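Undergrad: Structure: query-v9.cif, mmCIF, C-alpha atoms.
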data_my_file
#
loop_
_atom_site.label_atom_id
_atom_site.label_comp_id
_atom_site.auth_asym_id
_atom_site.auth_seq_id
_atom_site.Cartn_x
_atom_site.Cartn_y
_atom_site.Cartn_z
CA MET A 674 -86.24 -23.26 205.45
CA ARG A 675 -89.92 -24.01 206.18
CA ARG A 676 -89.69 -22.17 209.51
CA ASN A 677 -88.16 -19.13 207.77
CA LEU A 678 -90.98 -19.11 205.18
CA LYS A 679 -93.65 -19.21 207.90
CA ARG A 680 -91.92 -16.35 209.74
CA ALA A 681 -91.71 -14.31 206.54
CA PHE A 682 -95.39 -14.92 205.73
CA SER A 683 -96.43 -13.88 209.25
CA THR A 684 -94.34 -10.73 208.96
CA LEU A 685 -95.98 -9.96 205.60
CA LEU A 686 -99.51 -10.32 207.05
CA LEU A 687 -98.63 -8.10 210.01
CA GLY A 688 -97.26 -5.54 207.62
CA MET A 689 -100.46 -5.57 205.57
CA THR A 690 -102.77 -5.23 208.57
CA PRO A 691 -102.90 -1.39 208.61
CA PHE A 692 -103.83 -1.38 204.91
CA LEU A 693 -106.45 -4.13 205.05
CA SER A 694 -108.06 -2.92 208.30
CA GLY A 695 -108.69 0.55 206.93
CA CYS A 696 -106.25 2.35 209.23
CA LEU A 697 -104.58 3.85 206.17
CA GLY A 698 -107.73 4.36 204.07
CA HIS A 699 -110.91 6.41 204.16
CA THR A 700 -114.36 5.84 205.69
CA ARG A 701 -117.67 5.83 203.81
CA ILE A 702 -120.96 6.44 205.60
CA VAL A 703 -123.55 3.70 204.93
CA PRO A 704 -127.11 3.40 206.27
CA LYS A 705 -127.07 1.92 209.74
CA THR A 706 -129.17 -1.16 210.36
CA ARG A 707 -130.31 -3.00 213.45
CA VAL A 708 -130.79 -6.70 214.06
CA ALA A 709 -134.33 -8.08 214.02
CA THR A 710 -135.81 -8.70 217.47
CA ILE A 711 -137.96 -11.66 216.38
CA VAL A 712 -136.30 -14.54 214.53
CA MET A 713 -138.09 -17.86 214.11
CA THR A 714 -136.35 -21.12 213.29
CA SER A 715 -137.50 -24.03 211.13
CA ASP A 716 -135.97 -26.89 209.20
CA LEU A 717 -136.37 -27.76 205.53
CA ASP A 718 -139.04 -30.42 206.11
CA GLN A 719 -141.20 -28.04 208.15
CA LEU A 720 -140.86 -25.23 205.61
CA VAL A 721 -141.95 -27.50 202.75
CA LYS A 722 -144.91 -28.80 204.78
CA GLN A 723 -146.05 -25.25 205.54
CA ILE A 724 -145.86 -24.22 201.87
CA ASP A 725 -147.72 -27.37 200.79
CA ALA A 726 -150.37 -27.00 203.50
CA ARG A 727 -151.10 -23.34 202.70
CA TYR A 728 -151.43 -24.12 198.98
CA SER A 729 -153.62 -27.19 199.57
CA ALA A 730 -155.89 -25.28 201.97
CA ILE A 731 -157.11 -22.96 199.20
CA GLN A 732 -159.38 -24.47 196.57
CA THR A 733 -161.20 -21.34 195.40
CA MET A 734 -160.85 -17.58 195.77
CA ASN A 735 -163.47 -14.87 195.37
CA ALA A 736 -161.82 -11.46 195.82
CA ASN A 737 -162.65 -7.80 195.42
CA ILE A 738 -159.51 -6.23 193.96
CA GLU A 739 -157.84 -3.03 192.86
CA ILE A 740 -155.24 -3.51 190.14
CA SER A 741 -152.85 -1.17 188.35
CA GLY A 742 -150.13 -1.70 185.76
CA ILE A 743 -146.47 -0.70 186.01
CA SER A 744 -144.29 -0.23 182.94
CA GLY A 745 -140.75 0.95 182.28
CA GLY A 746 -137.68 0.70 184.48
CA SER A 747 -134.03 1.72 184.64
CA LEU A 748 -133.42 0.96 180.94
CA GLN A 749 -136.25 3.31 179.95
CA GLY A 750 -135.28 5.88 182.58
CA GLU A 751 -138.82 6.09 183.92
CA ILE A 752 -141.56 4.05 185.57
CA LYS A 753 -145.21 4.62 184.73
CA GLU A 754 -148.13 3.38 186.83
CA SER A 755 -151.62 3.27 185.38
CA ILE A 756 -154.72 4.29 187.27
CA ALA A 757 -156.13 1.57 189.51
CA LEU A 758 -159.15 -0.36 188.29
CA GLY A 759 -161.50 -2.05 190.70
CA GLY A 760 -163.13 -5.39 190.07
CA TYR A 761 -163.21 -9.06 190.94
CA LEU A 762 -160.82 -12.02 190.87
CA PHE A 763 -162.11 -15.60 190.80
CA ILE A 764 -159.83 -18.63 191.08
CA ARG A 765 -160.76 -22.30 191.10
CA LYS A 766 -158.26 -25.12 191.13
CA PRO A 767 -156.79 -26.74 189.23
CA GLU A 768 -156.25 -23.76 186.85
CA ASP A 769 -159.41 -21.69 186.32
CA ILE A 770 -159.08 -17.92 186.71
CA ARG A 771 -161.26 -14.94 185.84
CA ILE A 772 -160.53 -11.24 186.23
CA TYR A 773 -163.35 -8.70 185.81
CA LEU A 774 -162.35 -5.01 185.90
CA LYS A 775 -164.55 -1.91 185.88
CA VAL A 776 -164.08 1.65 184.60
CA PRO A 777 -163.56 4.05 187.54
CA VAL A 778 -166.49 6.25 188.64
CA VAL A 779 -169.04 4.95 186.11
CA SER A 780 -168.37 1.27 187.08
CA SER A 781 -169.07 -0.04 183.58
CA LEU A 782 -167.11 -3.04 182.27
CA ALA A 783 -163.53 -2.26 181.28
CA MET A 784 -162.06 -5.73 180.77
CA ASP A 785 -163.08 -9.35 181.29
CA MET A 786 -160.55 -12.20 181.08
CA VAL A 787 -160.88 -15.92 181.68
CA SER A 788 -158.55 -18.93 181.39
CA ASP A 789 -158.71 -22.66 181.99
CA GLY A 790 -154.93 -22.91 182.30
CA LYS A 791 -154.35 -23.83 178.66
CA THR A 792 -156.15 -21.12 176.67
CA PHE A 793 -157.52 -17.70 177.51
CA LYS A 794 -160.11 -15.19 176.31
CA LEU A 795 -160.03 -11.46 176.92
CA TYR A 796 -162.81 -8.99 176.14
CA ASP A 797 -161.68 -5.35 176.15
CA ALA A 798 -164.99 -3.53 176.40
CA TYR A 799 -163.33 -0.11 176.64
CA HIS A 800 -161.67 -0.52 173.21
CA HIS A 801 -164.37 -2.83 171.81
CA LYS A 802 -162.08 -5.72 170.91
CA ALA A 803 -161.27 -9.25 172.04
CA VAL A 804 -158.22 -11.49 172.21
CA VAL A 805 -158.02 -15.29 172.35
CA GLY A 806 -154.98 -17.51 172.47
CA SER A 807 -152.75 -19.99 174.24
CA ASN A 808 -151.34 -19.49 177.71
CA GLN A 809 -147.91 -20.38 176.31
CA VAL A 810 -146.21 -17.45 174.56
CA THR A 811 -144.66 -18.77 171.34
CA THR A 812 -144.08 -15.40 169.64
CA PRO A 813 -143.04 -12.82 172.25
CA SER A 814 -144.35 -9.30 171.68
CA LYS A 815 -142.35 -6.08 172.07
CA ASN A 816 -145.30 -4.88 174.15
CA GLY A 817 -144.63 -6.52 177.52
CA LEU A 818 -148.30 -6.43 178.50
CA GLU A 819 -149.17 -8.70 175.58
CA ASN A 820 -146.82 -11.38 176.98
CA LEU A 821 -148.66 -11.40 180.31
CA ARG A 822 -150.87 -14.49 180.41
CA PRO A 823 -153.48 -15.39 183.06
CA ASN A 824 -151.39 -18.31 184.34
CA VAL A 825 -148.70 -15.81 185.43
CA ILE A 826 -151.22 -14.18 187.76
CA PHE A 827 -152.56 -17.56 188.91
CA ASP A 828 -149.07 -18.82 189.82
CA ALA A 829 -148.18 -15.57 191.60
CA VAL A 830 -151.40 -15.33 193.59
CA LEU A 831 -151.11 -18.93 194.82
CA VAL A 832 -147.62 -19.99 195.93
CA HIS A 833 -147.58 -23.59 194.74
CA GLY A 834 -146.38 -26.49 196.84
CA VAL A 835 -143.45 -28.70 195.94
CA GLY A 836 -144.18 -31.33 193.27
CA ASP A 837 -143.45 -35.02 193.80
CA ASP A 838 -140.82 -34.99 191.03
CA GLN A 839 -139.13 -31.82 192.26
CA LEU A 840 -136.16 -31.33 194.54
CA VAL A 841 -135.78 -28.65 197.17
CA SER A 842 -132.91 -26.99 199.05
CA VAL A 843 -132.70 -24.23 201.63
CA THR A 844 -130.13 -21.51 202.25
CA LEU A 845 -130.00 -18.66 204.76
CA ASP A 846 -129.65 -14.98 203.96
CA THR A 847 -130.83 -11.55 205.12
CA HIS A 848 -132.77 -8.67 203.60
CA ILE A 849 -133.15 -5.05 204.72
CA VAL A 850 -136.62 -3.80 205.71
CA ASP A 851 -137.52 -0.14 206.24
CA ASN A 852 -139.47 -0.19 209.50
CA SER A 853 -139.86 3.60 209.77
CA ALA A 854 -143.61 3.65 209.09
CA ILE A 855 -144.25 1.19 211.94
CA SER A 856 -141.72 2.40 214.51
CA HIS A 857 -142.16 6.10 213.61
CA LYS A 858 -138.38 6.43 213.75
CA LYS A 859 -136.45 7.99 210.88
CA ASP A 860 -134.31 5.58 208.83
CA ASP A 861 -135.25 2.55 210.96
CA LEU A 862 -133.65 -0.17 208.83
CA VAL A 863 -133.96 -3.74 210.11
CA GLU A 864 -131.78 -6.62 208.94
CA GLU A 865 -134.30 -9.45 208.69
CA PRO A 866 -133.03 -13.05 208.38
CA GLU A 867 -134.70 -15.21 205.75
CA TYR A 868 -134.85 -18.72 204.39
CA GLN A 869 -134.48 -19.14 200.63
CA LEU A 870 -136.31 -22.23 199.46
CA ALA A 871 -135.10 -23.30 196.00
CA ILE A 872 -137.45 -25.57 194.02
CA LEU A 873 -135.46 -27.59 191.48
CA GLY A 874 -136.58 -29.63 188.51
CA LYS A 875 -135.77 -33.30 188.04
CA PRO A 876 -132.03 -33.65 187.25
CA GLN A 877 -131.05 -34.28 183.63
CA GLY A 878 -127.75 -36.08 184.02
CA LYS A 879 -125.51 -33.74 186.00
CA GLU A 880 -127.68 -30.71 185.20
CA VAL A 881 -130.48 -29.42 187.42
CA HIS A 882 -132.72 -26.46 186.67
CA THR A 883 -134.01 -23.94 189.25
CA LEU A 884 -137.77 -23.51 188.83
CA ARG A 885 -138.59 -21.17 191.70
CA VAL A 886 -137.05 -19.58 194.77
CA ILE A 887 -139.38 -18.78 197.66
CA HIS A 888 -138.06 -16.20 200.14
CA ILE A 889 -139.45 -16.83 203.64
CA ASP A 890 -139.24 -14.13 206.30
CA ARG A 891 -138.03 -15.57 209.59
CA LYS A 892 -140.03 -13.13 211.71
CA ASN A 893 -143.21 -15.05 210.79
CA LEU A 894 -142.13 -17.93 208.48
CA LEU A 895 -144.32 -16.55 205.67
CA PRO A 896 -143.25 -16.05 202.02
CA TYR A 897 -142.54 -12.40 201.24
CA LYS A 898 -141.19 -12.97 197.71
CA GLN A 899 -141.14 -15.63 195.01
CA GLU A 900 -138.97 -15.72 191.89
CA THR A 901 -139.82 -17.91 188.90
CA TYR A 902 -137.10 -18.84 186.39
CA ASP A 903 -137.10 -19.91 182.74
CA GLU A 904 -134.96 -22.71 181.31
CA SER A 905 -132.03 -20.36 180.70
CA GLY A 906 -131.92 -19.33 184.36
CA GLN A 907 -133.45 -15.86 183.95
CA ILE A 908 -136.09 -14.54 186.32
CA VAL A 909 -139.33 -14.24 184.36
CA THR A 910 -141.67 -13.40 187.26
CA ARG A 911 -140.99 -11.85 190.65
CA ALA A 912 -143.93 -11.71 193.08
CA SER A 913 -143.83 -9.84 196.40
CA TYR A 914 -146.28 -10.43 199.25
CA ASP A 915 -147.31 -8.09 202.06
CA ASN A 916 -150.09 -7.30 204.52
CA TYR A 917 -150.95 -10.87 205.52
CA GLN A 918 -154.36 -11.40 207.08
CA THR A 919 -155.97 -14.53 208.49
CA ILE A 920 -159.00 -15.58 206.43
CA ASP A 921 -160.85 -18.65 207.77
CA GLY A 922 -157.70 -19.79 209.53
CA ILE A 923 -155.49 -19.28 206.44
CA GLN A 924 -152.82 -16.58 206.35
CA TYR A 925 -152.97 -14.79 203.02
CA PRO A 926 -151.30 -11.61 201.63
CA MET A 927 -153.72 -8.82 200.74
CA LYS A 928 -151.07 -6.90 198.78
CA ILE A 929 -149.26 -8.59 195.88
CA GLN A 930 -146.87 -7.05 193.39
CA ILE A 931 -146.07 -8.98 190.21
CA GLU A 932 -143.00 -7.99 188.19
CA ARG A 933 -142.01 -9.24 184.74
CA PRO A 934 -138.35 -8.10 184.46
CA LEU A 935 -137.81 -9.26 180.86
CA ASP A 936 -141.00 -7.53 179.70
CA HIS A 937 -140.43 -4.38 181.79
CA TYR A 938 -143.98 -4.66 183.04
CA GLY A 939 -145.76 -5.47 186.26
CA LEU A 940 -148.98 -5.35 188.25
CA ASN A 941 -149.95 -4.04 191.66
CA LEU A 942 -152.77 -6.13 193.11
CA ASN A 943 -154.56 -5.03 196.29
CA ILE A 944 -157.25 -7.28 197.73
CA THR A 945 -159.96 -5.38 199.60
CA LYS A 946 -162.23 -8.34 200.37
CA LEU A 947 -161.48 -12.07 200.22
CA VAL A 948 -163.64 -15.18 200.48
CA LEU A 949 -161.89 -18.55 200.38
CA ASN A 950 -163.22 -21.98 199.42
CA GLN A 951 -166.66 -20.79 198.35
CA LYS A 952 -168.27 -22.96 195.67
CA LEU A 953 -167.72 -21.43 192.23
CA ASP A 954 -169.78 -22.74 189.31
CA ASP A 955 -168.71 -23.25 185.70
CA GLU A 956 -170.78 -20.22 184.65
CA GLN A 957 -168.46 -17.96 186.62
CA PHE A 958 -165.64 -18.98 184.27
CA ASP A 959 -167.65 -18.76 181.05
CA LEU A 960 -166.82 -15.59 179.11
CA LYS A 961 -169.02 -14.91 176.08
CA ILE A 962 -167.61 -12.37 173.63
CA PRO A 963 -170.43 -10.17 172.26
CA ASP A 964 -171.39 -10.52 168.61
CA GLY A 965 -169.67 -8.12 166.26
CA VAL A 966 -166.58 -7.64 168.40
CA PRO A 967 -163.34 -8.12 166.37
CA ILE A 968 -161.25 -11.01 167.73
CA GLN A 969 -157.46 -11.15 167.59
CA GLN A 970 -155.62 -14.46 167.77
CA MET A 971 -152.52 -14.30 169.96
CA ASN A 972 -149.83 -16.99 170.26
#
So that I can check it, write out the structure of this file as structure tokens.

TA:
Amino acid sequence: MRRNLKRAFSTLLLGMTPFLSGCLGHTRIVPKTRVATIVMTSDLDQLVKQIDARYSAIQTMNANIEISGISGGSLQGEIKESIALGGYLFIRKPEDIRIYLKVPVVSSLAMDMVSDGKTFKLYDAYHHKAVVGSNQVTTPSKNGLENLRPNVIFDAVLVHGVGDDQLVSVTLDTHIVDNSAISHKKDDLVEEPEYQLAILGKPQGKEVHTLRVIHIDRKNLLPYKQETYDESGQIVTRASYDNYQTIDGIQYPMKIQIERPLDHYGLNLNITKLVLNQKLDDEQFDLKIPDGVPIQQMN
């Protein structure tokens, strides 16, 4: 009986082969890809050490920047990008950040924002108003831009290392890269292998929460994307990194895109000049709101 069942099952599979293999179906044309020519290999311990070392190597940043906002998406049926504003970005660990933006052409002050990691102040000179509040959003706004706090930019600009109380795992995957601009060949799509480094919070019983996922390109072992999750498992921030340059022996991306999927808002940040580990004084993180400017409290 068992032998007859095996023979019947084999006959069934053979009979299904023409259907499953596509011999009796139709063919769809899909974009053709090629395999990456450079693939580097590392283990989990080495990947974590590289992330930790790159984060630890940067204590301060002094950058000339161009920044523009992106709003909308598929739900709105359109994407809008604001004009780019030039200015300066200052960062000092552990959590100090200041962003100073200028009005195009006339170069007068457009916006000045500072944060110590817990609270922030923003002076909007263009609209003659100011905002102060906590870095933690307790009452989300329907305006996605108003939910964007300085710590989001800080955490995206510096890919943090792995904390002592955090767990980490690695998986392998691939992503498709359009290499046409570099190779000057039409539709040159490359299938690039990657490591996905998942940073997990301390387990609560049988439950563990994903904090971040760092996507590391195996052609150079550098992060090209980082996703940050909230407690419900939704992606709250997606940061993409490109155009790495070596500054004082440290590889750093000069092009960063920050997306806030739940807020349907994002930022394009291009760094035109970067100085690392220069001494930054307290005065460079001291924003004084001019007298007479109306101040809005934001939670």

Undergrad: Closest to Ile738 of chain A among A:Val948, A:Lys858, A:Thr919, A:Phe958, using only C-alpha atoms?

TA: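 Comparing A:Val948, A:Lys858, A:Thr919, A:Phe958 against Ile738 of chain A, the winner is A:Val948.
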
Undergrad: One number please: atom CA of Thr844 of chain A to atom CA of Pro866 of chain A, in Å, one decimal.

TA: 10.8 Å

Undergrad: Fewer than 2 positions away in the same chain doesn't count, so skip those; otherwise give me all residues within 8 Å of segment 968-970 of chain A, counting all atoms listed in the file, as number ranges by chain.

TA: A: 802-806, 966, 972

Undergrad: Which one is closest to Ile889 of chain A: A:Asn950, A:Thr847, A:Thr733, A:Ser807? Count all atoms listed in the file.

TA: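 The answer is A:Thr847, which sits nearest to Ile889 of chain A.
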
Undergrad: One number please: atom CA of His937 of chain A to atom CA of Ile752 of chain A, in Å, one decimal.

TA: 9.3 Å

Undergrad: Is there a way to get, as a list in words, all residues within 10 Å of the point (-138.3, -18.6, 196.6) in file coordinates, counting all atoms listed in the file?

TA: Val832, Val843, Tyr868, Gln869, Leu870, Ala871, Ile872, Leu884, Arg885, Val886, Ile887, His888, Ile889, Pro896, Tyr897, Lys898, Gln899, Glu900, Thr901, Arg911 and Ala912 of chain A

Undergrad: Enclose segment 766-780 of chain A, meaning all of its atoms listed in the file, in a box aligned along x, y and z, pad it by 3 Å on each side, and list the centre and edge lengths in Å to one decimal, as AutoDock Vina command-line options.

TA:
--center_x -162.6 --center_y -10.2 --center_z 187.9 --size_x 18.8 --size_y 39.0 --size_z 12.5

Undergrad: Go ahead and compute the interatomic distance for atom CA of Gly874 of chain A and atom CA of Ile908 of chain A, in Å to one decimal.

TA: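 So the two atoms, atom CA of Gly874 of chain A and atom CA of Ile908 of chain A, lie 15.3 Å apart.
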
Undergrad: Taking only C-alpha atoms into account, which of A:Leu862, A:Val825, A:Ile929, A:Val810 comes nearest Thr945 of chain A?

TA: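 Selected residue with least distance to Thr945 of chain A: A:Ile929.
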
Undergrad: Neighbouring residues of Glu956 of chain A were defined as those with any atom within 12 Å, considering all atoms listed in the file; residues of the same chain fewer than 5 positions away were excluded. Please report them as a list in words.

TA: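 Neighbouring residues, sequence-local ones excluded: Phe763, Asp769, Arg771, Val787 and Lys961 of chain A.
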
Undergrad: If the PyMOL selection byres ((chain A and resi 925) around 12) were run on this exact file, what residues would it hold? Put them as a ChimeraX atom specification.

TA: /A:724,727-728,730-731,734,736,830-832,895-897,914-924,926-929,943-944,946-949

Undergrad: Print the selection's residues with C-alpha atoms to a file, as a short mmCIF file (atom, residue, chain, number, x, y, z; two decimals), in the coordinates of the input.

TA:
data_model
loop_
_atom_site.label_atom_id
_atom_site.label_comp_id
_atom_site.auth_asym_id
_atom_site.auth_seq_id
_atom_site.Cartn_x
_atom_site.Cartn_y
_atom_site.Cartn_z
CA ILE A 724 -145.86 -24.22 201.87
CA ARG A 727 -151.10 -23.34 202.70
CA TYR A 728 -151.43 -24.12 198.98
CA ALA A 730 -155.89 -25.28 201.97
CA ILE A 731 -157.11 -22.96 199.20
CA MET A 734 -160.85 -17.58 195.77
CA ALA A 736 -161.82 -11.46 195.82
CA VAL A 830 -151.40 -15.33 193.59
CA LEU A 831 -151.11 -18.93 194.82
CA VAL A 832 -147.62 -19.99 195.93
CA LEU A 895 -144.32 -16.55 205.67
CA PRO A 896 -143.25 -16.05 202.02
CA TYR A 897 -142.54 -12.40 201.24
CA TYR A 914 -146.28 -10.43 199.25
CA ASP A 915 -147.31 -8.09 202.06
CA ASN A 916 -150.09 -7.30 204.52
CA TYR A 917 -150.95 -10.87 205.52
CA GLN A 918 -154.36 -11.40 207.08
CA THR A 919 -155.97 -14.53 208.49
CA ILE A 920 -159.00 -15.58 206.43
CA ASP A 921 -160.85 -18.65 207.77
CA GLY A 922 -157.70 -19.79 209.53
CA ILE A 923 -155.49 -19.28 206.44
CA GLN A 924 -152.82 -16.58 206.35
CA PRO A 926 -151.30 -11.61 201.63
CA MET A 927 -153.72 -8.82 200.74
CA LYS A 928 -151.07 -6.90 198.78
CA ILE A 929 -149.26 -8.59 195.88
CA ASN A 943 -154.56 -5.03 196.29
CA ILE A 944 -157.25 -7.28 197.73
CA LYS A 946 -162.23 -8.34 200.37
CA LEU A 947 -161.48 -12.07 200.22
CA VAL A 948 -163.64 -15.18 200.48
CA LEU A 949 -161.89 -18.55 200.38
#

Undergrad: Tell me which protein, DNA and RNA residues are within 12 Å of Glu739 of chain A, counting only C-alpha atoms, leaving out same-chain ones fewer than 5 positions away, and put them as a VMD selection string.

TA: chain A and resid 755 to 762 772 to 777 927 to 930 940 to 946

Undergrad: Could you pull the residues within 10 Å of Asp725 of chain A, counting all atoms listed in the file, minus those fewer than 2 positions along the same chain, as a ChimeraX atom specification?

TA: /A:719-723,727-730,832-836

Undergrad: Find the residues near Lys753 of chain A: any atom within 10 Å, counting all atoms listed in the file, skip ones fewer than 3 places away on the same chain, and give them as a ChimeraX atom specification.

TA: /A:742-746,756,938

Undergrad: So, counting all atoms listed in the file, which residue among A:Asp837, A:Ala709, A:Ile770, A:Leu782 is closest to Asn852 of chain A?

TA: A:Ala709

Undergrad: Which is closest to Val708 of chain A among A:Glu768, A:Pro963, A:Asp828, A:Lys892, if we use all atoms listed in the file?

TA: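 With all atoms listed in the file as the atom set, the closest residue is A:Lys892.
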
Undergrad: Name every residue that the PyMOL selection byres ((chain A and resi 808) around 10) selects in this structure, writing the answer as a list in words with chains first and numbers rising.

TA: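 Matching residues under the PyMOL selection byres ((chain A and resi 808) around 10) are Ser788, Asp789, Gly790, Lys791, Thr792, Phe793, Lys794, Val805, Gly806, Ser807, Gln809, Val810, Thr811, Asn820, Leu821, Arg822, Pro823, Asn824, Val825, Met971 and Asn972 of chain A.
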
Undergrad: Between A:Glu932, A:Glu904, A:Asp797, A:Asp861, which one has atoms that come closest to Ser741 of chain A, using all atoms listed in the file?

TA: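 For Ser741 of chain A, the nearest of the candidates is A:Glu932.
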